[in-house]
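Undergrad: One structure is given below, represented as structure tokens, and several questions about it will come after.
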Amino acid sequence: MFNTLTRMGASNPSGYEIEKSLRFNNSDSAYLSRTPSSAGNRKTFTLSFWFKPTPDVNGRIFEAGSGSGYNGSALYYSDEKFGWIYDTGPTFYASTTNNLFRDCSAWYHVCFHVDTTQGTADERLKVYVNSEFNGFNSYPPQNLDFHLNNNIAHSFGRRTHQNDNYISAYFAEIHFIDGSIVTPYNFAETDTTTGQWIPKEYEGGNYGTNGFYLNFSDNSDTTATTLGKDYSGQGNNWTPNNFSVAAGTGDDSSEDTPTNNYCTLNSQSHRNLTAPTNGQLDLVIPNAAVNHHGWGTFEVTSGKWYWECTYVATSHSSGKLLFVGIGNHNDNSDVRAVRAGDGELVPNTGTIEAEWTTGDIVMVALDYDNSKWYLGKNGSWFLSGDPVNGTGYVHNNLTSTKPLSPKFYNATANGNQSISVNFGARGFTYTPPTGFKALCTKNLPTPTIKNGTDYFNTVLYTGNDGSQNIDVGFQPSAFWVKNRDSTYNHAWTNFVTNTYLYPNLTDDEGAIGSAISQLSNGFNLDTTSNVFNNNGDDYVAWAWKESATAGFDIVSFTPSSGTNTYSHGLGVKPDFIIFKSRESAANWDVYSSALTAEYKLYLNDDSAKIDSGFMSDTEPTSSVFSFNPGNQDGNDHIAYCFSNVKGYLKAGSYTGNANANGPFVYTGFKPAMVFGKDASGADNWWIFDNKRNTSNVVKNRIFPSLNNVEGAVNADSLDFVSNGFKIRGSGNFMNENNNTFVYIAFAETPFKYATAR
């Protein structure tokens with residue numbers, strides 16, 4: 001047994017496809033049941049499965065129990081953690097993981113190892129999530145016999161003996177290995193192109209006496225020989241209870257799988273205060289007075305897309321005032337919407353004959369490429385629409401280059417609206433127009449950058465007061481270092497000018513000389529400098545590769561007096577620029593497209609945005625930026641220019657709400673690093689990354705404008721998730737009410753390929 005898995009070199013992805021998953025819904029009391037005819041190994045076994053949680057996921061995963069009192073043991077999920085429990089009444093043991101797993105927009109791979117024969121306590125129980133080891137806060141006693149794998153009643157998805165604690169989640173590829181510990185690498189592998197953990201065909205061999213493999217591929221019925229069939233060859237079928245495979249909103253057989261992730265309703269959005277249920281497809285939207293909205297987990301910037309919404313019910317006596325539309329997560333805008341009841345168009349440019357009643361299926365077709373949007377119900381398009389030929393659209397000028405997402409909200413303060421959405425995972429009721437696709441990851445366009453670590457990476461290292469090579473995975477053009485243990489300055493080094501600057505100070509630059517050198521896969525430190533390499537201190541380094549493909553260009557220029565233009569090589573308009581005089585004491589000037597060129601921020605202090613003429617209020621273009629150096633004319637300057645790259649880099653803004661259930665920011669990728677500031681208030685910049693906190697919550701913050709040591713504060717924290725980041729703290733640094741926060745984020749991997757985090 002081991003705490004860290006040995007990675008056996010690069011994997012060669014097999015192209016393995018998972019056909020089906022099964023939706024467990026606690027409101028239906030859905031579960032699988034089986035009673036083994038004989039006991040297996042109760043001390044040693046492996047349980048592996050793929051898992052897409054929902055906000056109401058809490059419940060038993062795998063449990064065995066008997067009798068009227070509690071006499072059982074279980075592996076479970078509760079309070080966003082995995083756990084285990086063993087209870088006979090007089091004897092009780094329980095434990096949970098230390099990390100949180102609450103990304104509901106993509107899939108996790110989970111692998112439990114149980115081996116109570118081990119002499120070392122933390123070797124007796126382990127869980128690997130996406131191949132990463134996660135520890136528990138306590139462990140079983142040595143040689144404990146679990147109730148699991150005994151010849152008593154077993155359940156998957158509920159508490160066995162009390163008929164409660166039903167779980168809500170999607171499950172796929174469930175493997176149980178009786179009597180053996182099997183590593184996660186037998187069930188999944190690393191995709192060498194994307195760097196993500198992906199399924200593969202099980203290579204472990206013997207399942208043991210009570211072992212089983214459930215893939216839910218036969219959805220012709222809900223019997224033990226169809227939906228509950230064991231494909232291990234052991235014949236250990238499971239009986240499905242309270243599942244449905246009938247077409248419609250209750251269909252629990254889903255094509256939403258780890259190899260083709262489908263859009264659902266986005267439970268991360270703080271505006272949706274009532275969490276979606278039934279696999280994140282059903283939603284009760286409260287009255288408009290609290291401004292509740294339901295969003296999809298996908299945003300698109302091109303293509304033709306189709307989805308459906310079943311109108312379930314309203315508690316408003318005089319009208320069914322549900323808005324169905326499309327919008328942008330980050331600014332909560334209505335790009336287009338239609339209100340049922342009176343057919344009002346939003347923006348209000350008239351009405352159409354749009355009314356739906358209980359059971360109606362609303363059809364939505366978005367032709368982003370041609371800026372057209374269509375709406376209909378029960379098989380007919382409003383305005384005699386024809387999405388294939390481009391006629392009869394509800395609107396033909398979306399006038400938006402923003403990413404767009406499905407959006408649903410309530411138009412009345414006098415009642416709730418209930419809906420059930422379908423993005424294609426259970427099959428559409430009506431055939432989509434030719435060329436229009438379901439919202440799933442297979443249908444998303446291939447991103448330019450498939451693995452963010454090809455261009456940006458965070459690395460951790462320990463200083464040695466000597467020489468050491470720091471491997472970042474590519475030849476870096478620039479890197480930023482901070483000592484995490486001591487109050488030494490930050491240092492941002494680049495190999496264009498072969499110099500470094502202190503982001504927290506106004507000082508002029510220093511030459512790196514032979515102390516720092518560029519390597520093909522990183523950089524070499526040959527220095528005793530406290531800033532870079534103090535013996536025994538822990539450091540973090542953020543490294544970038546300069547490339548127009550990755551939206552990063554380093555410009556060295558010498559500005560003359562007044563405002564002039566200077567060339568950059570991005571080929572598109574920059575969205576974030578950081579300027580610094582290299583030859584004199586001067587502030588670091590920061591431009592963000594979210595604030596426009598009218599305003600600037602200082603990187604080296606906590607000032608709120610300043611109305612400044614540093615760019616003469618002139619937005620940069622695809623080839624140049626404007627800059628006025630003030631009294632720094634004639635001094636050499638550097639500009640770090642960044643432009644948005646779909647699936648890799650996003651610079652933008654969000655509005656704080658002073659709530660621990662904070663704003664959700666859709667980036668279109670799983671972040672590797674987020675760097676931001678309150679633009680409205682005098683608060684410091686902050687940096688979070690995926691290496692100093694490898695699981696959620698992400699709270700190890702570093703302040704770029706201060707030389708402070710690394711700190712962790714719950715009030716200033718966030719989650720990295722598969723399609724963006726979610727503010728989880730109510731502190732002013734990240735979430736002061738109604739303040740505007742600017743940020744720039746870099747990807748670990750684009751959402752198309754992302755596992756849950």
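Here's how to read the names in the structure tokens: chain A, B, ... by the order shown, residue numbers from 1 in each chain, ligand numbers from 1 in the order shown.
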If you run DSSP on the backbone, which residues of stretch 64-224 of chain A are helix (DSSP H, G or I), as a PyMOL selection string?

TA: chain A and resi 121-123+184-186

Undergrad: Taking N, CA and C atoms for each residue, export the selection above as an mmCIF file, in the first residue's frame.

TA:
```
data_model
loop_
_atom_site.group_PDB
_atom_site.id
_atom_site.type_symbol
_atom_site.label_atom_id
_atom_site.label_comp_id
_atom_site.auth_asym_id
_atom_site.auth_seq_id
_atom_site.Cartn_x
_atom_site.Cartn_y
_atom_site.Cartn_z
ATOM 1 N N ALA A 121 -1.878 2.714 10.362
ATOM 2 C CA ALA A 121 -3.289 3.112 10.351
ATOM 3 C C ALA A 121 -3.708 3.751 9.037
ATOM 4 N N ASP A 122 -2.909 4.710 8.529
ATOM 5 C CA ASP A 122 -3.353 5.428 7.335
ATOM 6 C C ASP A 122 -3.194 4.614 6.061
ATOM 7 N N GLU A 123 -2.711 3.362 6.165
ATOM 8 C CA GLU A 123 -2.684 2.453 5.019
ATOM 9 C C GLU A 123 -3.970 1.624 4.928
ATOM 10 N N PRO A 184 -5.819 3.097 -8.991
ATOM 11 C CA PRO A 184 -6.646 3.836 -9.949
ATOM 12 C C PRO A 184 -6.172 3.699 -11.390
ATOM 13 N N TYR A 185 -4.878 3.400 -11.578
ATOM 14 C CA TYR A 185 -4.343 3.276 -12.935
ATOM 15 C C TYR A 185 -4.871 2.056 -13.669
ATOM 16 N N ASN A 186 -5.548 1.161 -12.973
ATOM 17 C CA ASN A 186 -6.201 0.035 -13.646
ATOM 18 C C ASN A 186 -7.547 0.432 -14.234
#
```

Undergrad: Fewer than 4 positions away in the same chain doesn't count, so skip those; otherwise give me all residues within 6 Å of A:Leu501, counting only C-alpha atoms, as a PyMOL selection string.

TA: chain A and resi 491-492+509

Undergrad: From the list A:Thr618, A:Ser267, A:Thr46, A:Thr358, which residue is nearest A:Gly179 when using only C-alpha atoms?

TA: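 Of all the options, A:Thr46 lies closest to A:Gly179.
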
Undergrad: Could I get the residues of stretch 517-630 of chain A with an atom no further than 10 Å from an atom of stretch 733-744 of chain A, each paired with its nearest atom pair and that distance in Å to one decimal, using only C-alpha atoms, sorted by chain and residue number, as a tab-separated table?

TA:
```
residue	atom	partner	partner_atom	distance
A:Asp575	CA	A:Ile744	CA	9.0
A:Phe576	CA	A:Ile744	CA	7.5
A:Ser592	CA	A:Val742	CA	7.3
A:Ser593	CA	A:Val742	CA	9.2
A:Ala594	CA	A:Val742	CA	6.9
A:Leu595	CA	A:Val742	CA	8.0
A:Leu601	CA	A:Val742	CA	9.9
A:Lys609	CA	A:Thr740	CA	9.9
```

Undergrad: Do you know which residues are at most 8 Å from A:Thr35 counting only C-alpha atoms, after dropping those on the same chain fewer than 6 positions away, and could you put them as a ChimeraX atom specification?

TA: /A:151-154

Undergrad: The selected residues should be written to file as a short mmCIF file (atom, residue, chain, number, x, y, z; two decimals), in the first residue's frame (atoms: C-alpha atoms).

TA:
```cif
data_model
loop_
_atom_site.label_atom_id
_atom_site.label_comp_id
_atom_site.auth_asym_id
_atom_site.auth_seq_id
_atom_site.Cartn_x
_atom_site.Cartn_y
_atom_site.Cartn_z
CA ASN A 151 -23.71 -12.16 3.26
CA ILE A 152 -26.19 -9.50 4.39
CA ALA A 153 -28.24 -6.87 2.60
CA HIS A 154 -26.21 -4.36 0.56
#
```

Undergrad: Can you pull out the residues contacting A:Pro199? Cut-off 12 Å, using only C-alpha atoms, and skip same-chain residues under 5 positions away; I want them as number ranges by chain.

TA: A: 11-19, 48-51, 107-110, 130-131, 172-174, 184-191, 257-260, 755

Undergrad: Tell me which protein, DNA and RNA residues are within 8 Å of A:Asn521, counting only C-alpha atoms, leaving out same-chain ones fewer than 6 positions away, and put them as a PyMOL selection string.

TA: chain A and resi 471-476

Undergrad: With C-alpha atoms retained, could you export that selection as a short mmCIF file (atom, residue, chain, number, x, y, z; two decimals), in the first residue's frame?

TA:
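Listing of again36.cif after writing:
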```cif
data_model
loop_
_atom_site.label_atom_id
_atom_site.label_comp_id
_atom_site.auth_asym_id
_atom_site.auth_seq_id
_atom_site.Cartn_x
_atom_site.Cartn_y
_atom_site.Cartn_z
CA ASP A 471 11.31 22.34 -14.07
CA VAL A 472 8.18 24.15 -15.32
CA GLY A 473 7.54 21.87 -18.33
CA PHE A 474 8.50 24.35 -21.09
CA GLN A 475 11.04 27.06 -21.89
CA PRO A 476 9.70 30.07 -19.96
#
```
